[in-house]
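Novice: Let me begin by handing over the structure; questions about it come next.
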Amino acid sequence: MRHLNFAPSAIREMSRLAAEYKATNLAQGLPDFPCPQELKEAAKAAIDDNINQYSYTWGDARFRAAIAKKTQHWRGLHYNPDTEITVTCGAAEALNAAMLSLVGAGDEVIIFEPYYENYLPNTSLAGATPVYVPLIAPDWHIDEAALKAAFNDKTKVLILNTPHNPTGKVFSKDELTMMATLCQQYNVVVIADEIYEHMTYDGAEHVSMASIEGMRERTVVLNALSKTYSVTGWRVGWAMAPEKLSEPLRRVHDFLTVCAPAPFQRAGIHALQLPDSYYHELNANYANKRQAAMDVLDSVNLPYATPQGAYYMLADISRYSDDDVKFAQQLVQEVGVAVVPGSGFFSGSAYGKQYGHKYVRVCYSKSPQTIATAKEKLQVLHQWKTLAGAAN
Ligand code: PMP
């Protein structure tokens with residue numbers, strides 16, 4: 001039996017507890033509001049049109065063509081849909097397929113910490129070793145010395161997630177360029193998880209790693225329908241990479257899942273053809289949700305770094321507790337609000353051990369009603385004792 005050196009998902013465990021305690025769920029990164037009506041109609045029409053069997057393994061050809069067109073339009077990057085785009089079961093499968101095709105035993109993978117919790121299992125399942133580089137609070141800037149020290153001859157992959165889950169950081173072009181120089185120097189491939197590309201705030205701009213000079217040839221860009229179109233349950237994502245990286249990724253993908261759900265790929269063509277106004281509206285809606293979520297945290301004096309992108313933030317709970325897991329459990333059981341313990345996003349490194357327990361992750365891909373309910377319930381925190389001993 002394979003030794004699994006990673007824990008069960010803290011995120012999905014909190015969602016389970018949220019259901020058990022009928023809590024307001026600010027834990028798992030899933031929208032609690034409907035996807036656009038035309039996407040529902042397109043999915044139903046695809047089933048009626050008998051798109052019910054396996055799709056082409058690399059993905060429905062029209063869907064891949066639509067991905068190429070949208071990527072060209074938004075990022076100015078050209079990918080050949082026949083050889084460079086592979087459709088997967090969500091970005092989650094794309095991550096596994098990319099990792100399994102790129103690394104093995106003895107290889108090292110650089111991961112910024114805190115990190116989206118899948119990255120450790122993705123690395124471990126491939127047999128490689130994670131090497132963590134701290135993002136430093138309160139603004140989650142890169143520890144540059146640690147980044148430089150992390151690169152060596154064993155480094156094969158750097159995982160970059162921008163906009164970033166769980167901090168809401170959007171990596172700047174300068175930061176990307178600094179990473180790119182090191183990746184080129186050490187012949188490292190970047191897995192660029194850009195699933196939140198359409199959620200950026202306060203003028204922050206999403207820059208794709210593949211658009212940095214010299215990086216398209218050594219970057220696997222991951223994306224999905226999941227977040228941009230509020231359809232996390234459809235399980236449709238994709239990987240874009242030059243042919244030399246796409247070919248092995250496709251071979252792994254074929255034997256992991258054969259193909260992504262065929263009717264939802266067909267509906268995805270409609271999603272990707274939505275006008276620019278759809279994305280502007282999505283972004284404006286998320287900016288409002290972000291403001292509402294920040295108001296919730298302000299109202300109970302929980303500090304956070306203002307997120308520049310994605311739909312999460314890490315709230316600093318250290319005035320109440322030095323144990324994020326206990327705090328999150330108490331919150332779900334006694335207050336009826338689910339969040340994710342911060343330690344789920346930090347490793348067992350010295351840095352992770354020192355800081356992981358200081359935070360909980362709050363997700364705001366929620367309806368205004370859900371966020372308002374959470375705010376109301378959380379006011380009870382004012383009666384909780386702080387670590388200094390006094391009630392708020
Ligand atoms: N990457 C990141 C950074 C995510 O936050 C998520 C979902 N929470 C995924 C990948 C997985 O996406 P999908 O649902 O498309 O598999």
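Chain labels run A, B, ... following the order of the structure tokens; each chain numbers its residues from 1, and ligands are numbered from 1 in the order shown.
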Tell me, counting only C-alpha atoms and all ligand atoms, for each residue of chain A within 8 Å of ligand 1, which pair of atoms is nearest and how far apart they are in Å to one decimal, in rows ordered by chain and increasing number, as a Markdown table.
Specialist:
```
| residue | atom | partner | partner_atom_place_in_ligand_line | distance |
| --- | --- | --- | --- | --- |
| A:Gln28 | CA | ligand 1 | 8 (N) | 7.3 |
| A:Gly29 | CA | ligand 1 | 8 (N) | 5.2 |
| A:Leu30 | CA | ligand 1 | 8 (N) | 7.4 |
| A:Cys89 | CA | ligand 1 | 16 (O) | 6.6 |
| A:Gly90 | CA | ligand 1 | 15 (O) | 3.5 |
| A:Ala91 | CA | ligand 1 | 15 (O) | 3.8 |
| A:Ala92 | CA | ligand 1 | 16 (O) | 3.6 |
| A:Glu93 | CA | ligand 1 | 16 (O) | 6.3 |
| A:Ala94 | CA | ligand 1 | 16 (O) | 7.7 |
| A:Leu95 | CA | ligand 1 | 10 (C) | 7.5 |
| A:Tyr116 | CA | ligand 1 | 3 (C) | 5.4 |
| A:Asn118 | CA | ligand 1 | 10 (C) | 7.6 |
| A:Asn161 | CA | ligand 1 | 3 (C) | 6.0 |
| A:Thr162 | CA | ligand 1 | 3 (C) | 7.9 |
| A:His164 | CA | ligand 1 | 3 (C) | 6.5 |
| A:Asn165 | CA | ligand 1 | 3 (C) | 5.2 |
| A:Pro166 | CA | ligand 1 | 5 (O) | 7.7 |
| A:Asp193 | CA | ligand 1 | 1 (N) | 5.9 |
| A:Glu194 | CA | ligand 1 | 3 (C) | 7.4 |
| A:Ile195 | CA | ligand 1 | 1 (N) | 6.0 |
| A:Tyr196 | CA | ligand 1 | 3 (C) | 7.4 |
| A:Asn223 | CA | ligand 1 | 15 (O) | 7.0 |
| A:Ala224 | CA | ligand 1 | 15 (O) | 4.9 |
| A:Leu225 | CA | ligand 1 | 15 (O) | 6.6 |
| A:Ser226 | CA | ligand 1 | 15 (O) | 4.8 |
| A:Lys227 | CA | ligand 1 | 15 (O) | 7.2 |
| A:Thr232 | CA | ligand 1 | 14 (O) | 5.0 |
| A:Gly233 | CA | ligand 1 | 14 (O) | 7.2 |
| A:Arg235 | CA | ligand 1 | 15 (O) | 6.0 |
| A:Val236 | CA | ligand 1 | 15 (O) | 6.2 |
| A:Gly237 | CA | ligand 1 | 15 (O) | 5.4 |
```
Novice: Please, which residues of range 224-302 of chain A, numbered as in this document, come out helix (DSSP H, G or I) from DSSP, as a ChimeraX atom specification?
Specialist: /A:232-234,243-257,262-272,276-299
Novice: Using only C-alpha atoms for the distances, tell me which of A:Ala310, A:Val296, A:Ala126, A:Met179 is nearest to His198 in chain A.
Specialist: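 Between A:Ala310, A:Val296, A:Ala126, A:Met179, the residue approaching His198 in chain A most closely is A:Ala310.
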Novice: Return the single residue from A:Pro261, A:Gly342, A:Pro138, A:Pro368 that is closest to Tyr56 in chain A, with distances computed using only C-alpha atoms.
Specialist: A:Pro261
Novice: Distance CA of Lys70 in chain A-CA of Phe264 in chain A, one decimal place?
Specialist: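 CA of Phe264 in chain A lies 17.2 Å from CA of Lys70 in chain A.
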Novice: Show which residues sit within 8 Å of Ile110 in chain A, as a PyMOL selection string. Count only C-alpha atoms, and ignore same-chain residues fewer than 3 positions away.
Specialist: chain A and resi 130-133+150-151+155+157-159
Novice: Give me the residues near range 284-291 of chain A as a list of chain:residue names, where near means some atom within 8 Å (using only C-alpha atoms) and where sequence neighbours in that chain fewer than 4 positions away do not count.
Specialist: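 Skipping anything fewer than 4 positions along the chain leaves A:Met199, A:Tyr201, A:His280, A:Asp295, A:Pro307, A:Tyr311, A:Tyr364, A:Ser365, A:Lys366, A:Ser367, A:Pro368, A:Ile371.
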Novice: How about saving the chosen residues, N, CA and C atoms kept, as a short mmCIF file (atom, residue, chain, number, x, y, z; two decimals), in the first residue's frame?
Specialist:
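Once written, result.cif looks like this:
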```
data_model
loop_
_atom_site.label_atom_id
_atom_site.label_comp_id
_atom_site.auth_asym_id
_atom_site.auth_seq_id
_atom_site.Cartn_x
_atom_site.Cartn_y
_atom_site.Cartn_z
N MET A 199 -10.72 37.47 -11.37
CA MET A 199 -11.10 38.14 -10.13
C MET A 199 -9.91 38.92 -9.59
N TYR A 201 -8.86 43.07 -8.03
CA TYR A 201 -9.51 44.26 -7.45
C TYR A 201 -8.52 45.42 -7.33
N HIS A 280 -16.62 41.66 -16.78
CA HIS A 280 -16.60 42.92 -16.03
C HIS A 280 -17.64 42.87 -14.91
N ASP A 295 -15.96 43.90 5.60
CA ASP A 295 -16.79 44.55 6.64
C ASP A 295 -17.09 43.57 7.78
N PRO A 307 -7.47 41.59 0.14
CA PRO A 307 -7.16 40.74 -1.03
C PRO A 307 -7.19 41.53 -2.32
N TYR A 311 -11.01 34.84 -4.27
CA TYR A 311 -12.13 35.15 -3.36
C TYR A 311 -11.94 34.58 -1.96
N TYR A 364 -15.36 34.22 0.24
CA TYR A 364 -16.52 35.10 0.03
C TYR A 364 -17.17 34.92 -1.35
N SER A 365 -17.08 33.72 -1.91
CA SER A 365 -17.82 33.47 -3.17
C SER A 365 -19.25 33.08 -2.80
N LYS A 366 -19.90 34.00 -2.09
CA LYS A 366 -21.19 33.69 -1.46
C LYS A 366 -22.17 34.82 -1.76
N SER A 367 -23.45 34.49 -1.64
CA SER A 367 -24.48 35.49 -1.90
C SER A 367 -24.43 36.56 -0.80
N PRO A 368 -24.92 37.78 -1.08
CA PRO A 368 -24.94 38.83 -0.05
C PRO A 368 -25.67 38.35 1.20
N ILE A 371 -23.36 36.20 3.35
CA ILE A 371 -22.34 37.01 4.04
C ILE A 371 -22.99 37.81 5.18
#
```
Novice: Based on DSSP run over this structure's backbone, return all residues of range 259-343 of chain A in strand (DSSP E), as a list in words.
Specialist: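 Result set for range 259-343 of chain A (strand (DSSP E)): Tyr312, Met313, Leu314, Ala315, Asp316, Val337, Ala338, Val340 and Pro341 of chain A.
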Novice: Only C-alpha atoms, please: the residues just picked out, written as a PDB file, in the first residue's frame.
Specialist:
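So the final result, stored in again.pdb, reads:
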```
ATOM      1  CA  TYR A 312     -10.387  34.322  -0.110  1.00  0.00           C
ATOM      2  CA  MET A 313      -8.527  35.942   2.714  1.00  0.00           C
ATOM      3  CA  LEU A 314      -6.674  34.769   5.782  1.00  0.00           C
ATOM      4  CA  ALA A 315      -8.048  36.326   8.949  1.00  0.00           C
ATOM      5  CA  ASP A 316      -5.648  36.645  11.862  1.00  0.00           C
ATOM      6  CA  VAL A 337     -20.142  29.744  10.784  1.00  0.00           C
ATOM      7  CA  ALA A 338     -17.671  27.500   8.936  1.00  0.00           C
ATOM      8  CA  VAL A 340     -11.035  26.653   7.280  1.00  0.00           C
ATOM      9  CA  PRO A 341      -8.197  26.367   9.846  1.00  0.00           C
TER      10      PRO A 341
END
```
Novice: When you look at Phe63 in chain A with a cut-off of 10 Å (counting only C-alpha atoms), what residues show up, excluding the ones that are within fewer than 4 positions of it in the same chain? I need them as a PyMOL selection string.
Specialist: chain A and resi 59+67-69+81+85+87+264-272
Novice: To one decimal place in Å, what is the distance between CA of Lys326 in chain A and CA of Tyr359 in chain A?
Specialist: 11.6 Å
Novice: CA of His253 in chain A and CA of Gln53 in chain A, how far apart in Å?
Specialist: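 A separation of 17.3 Å between them.
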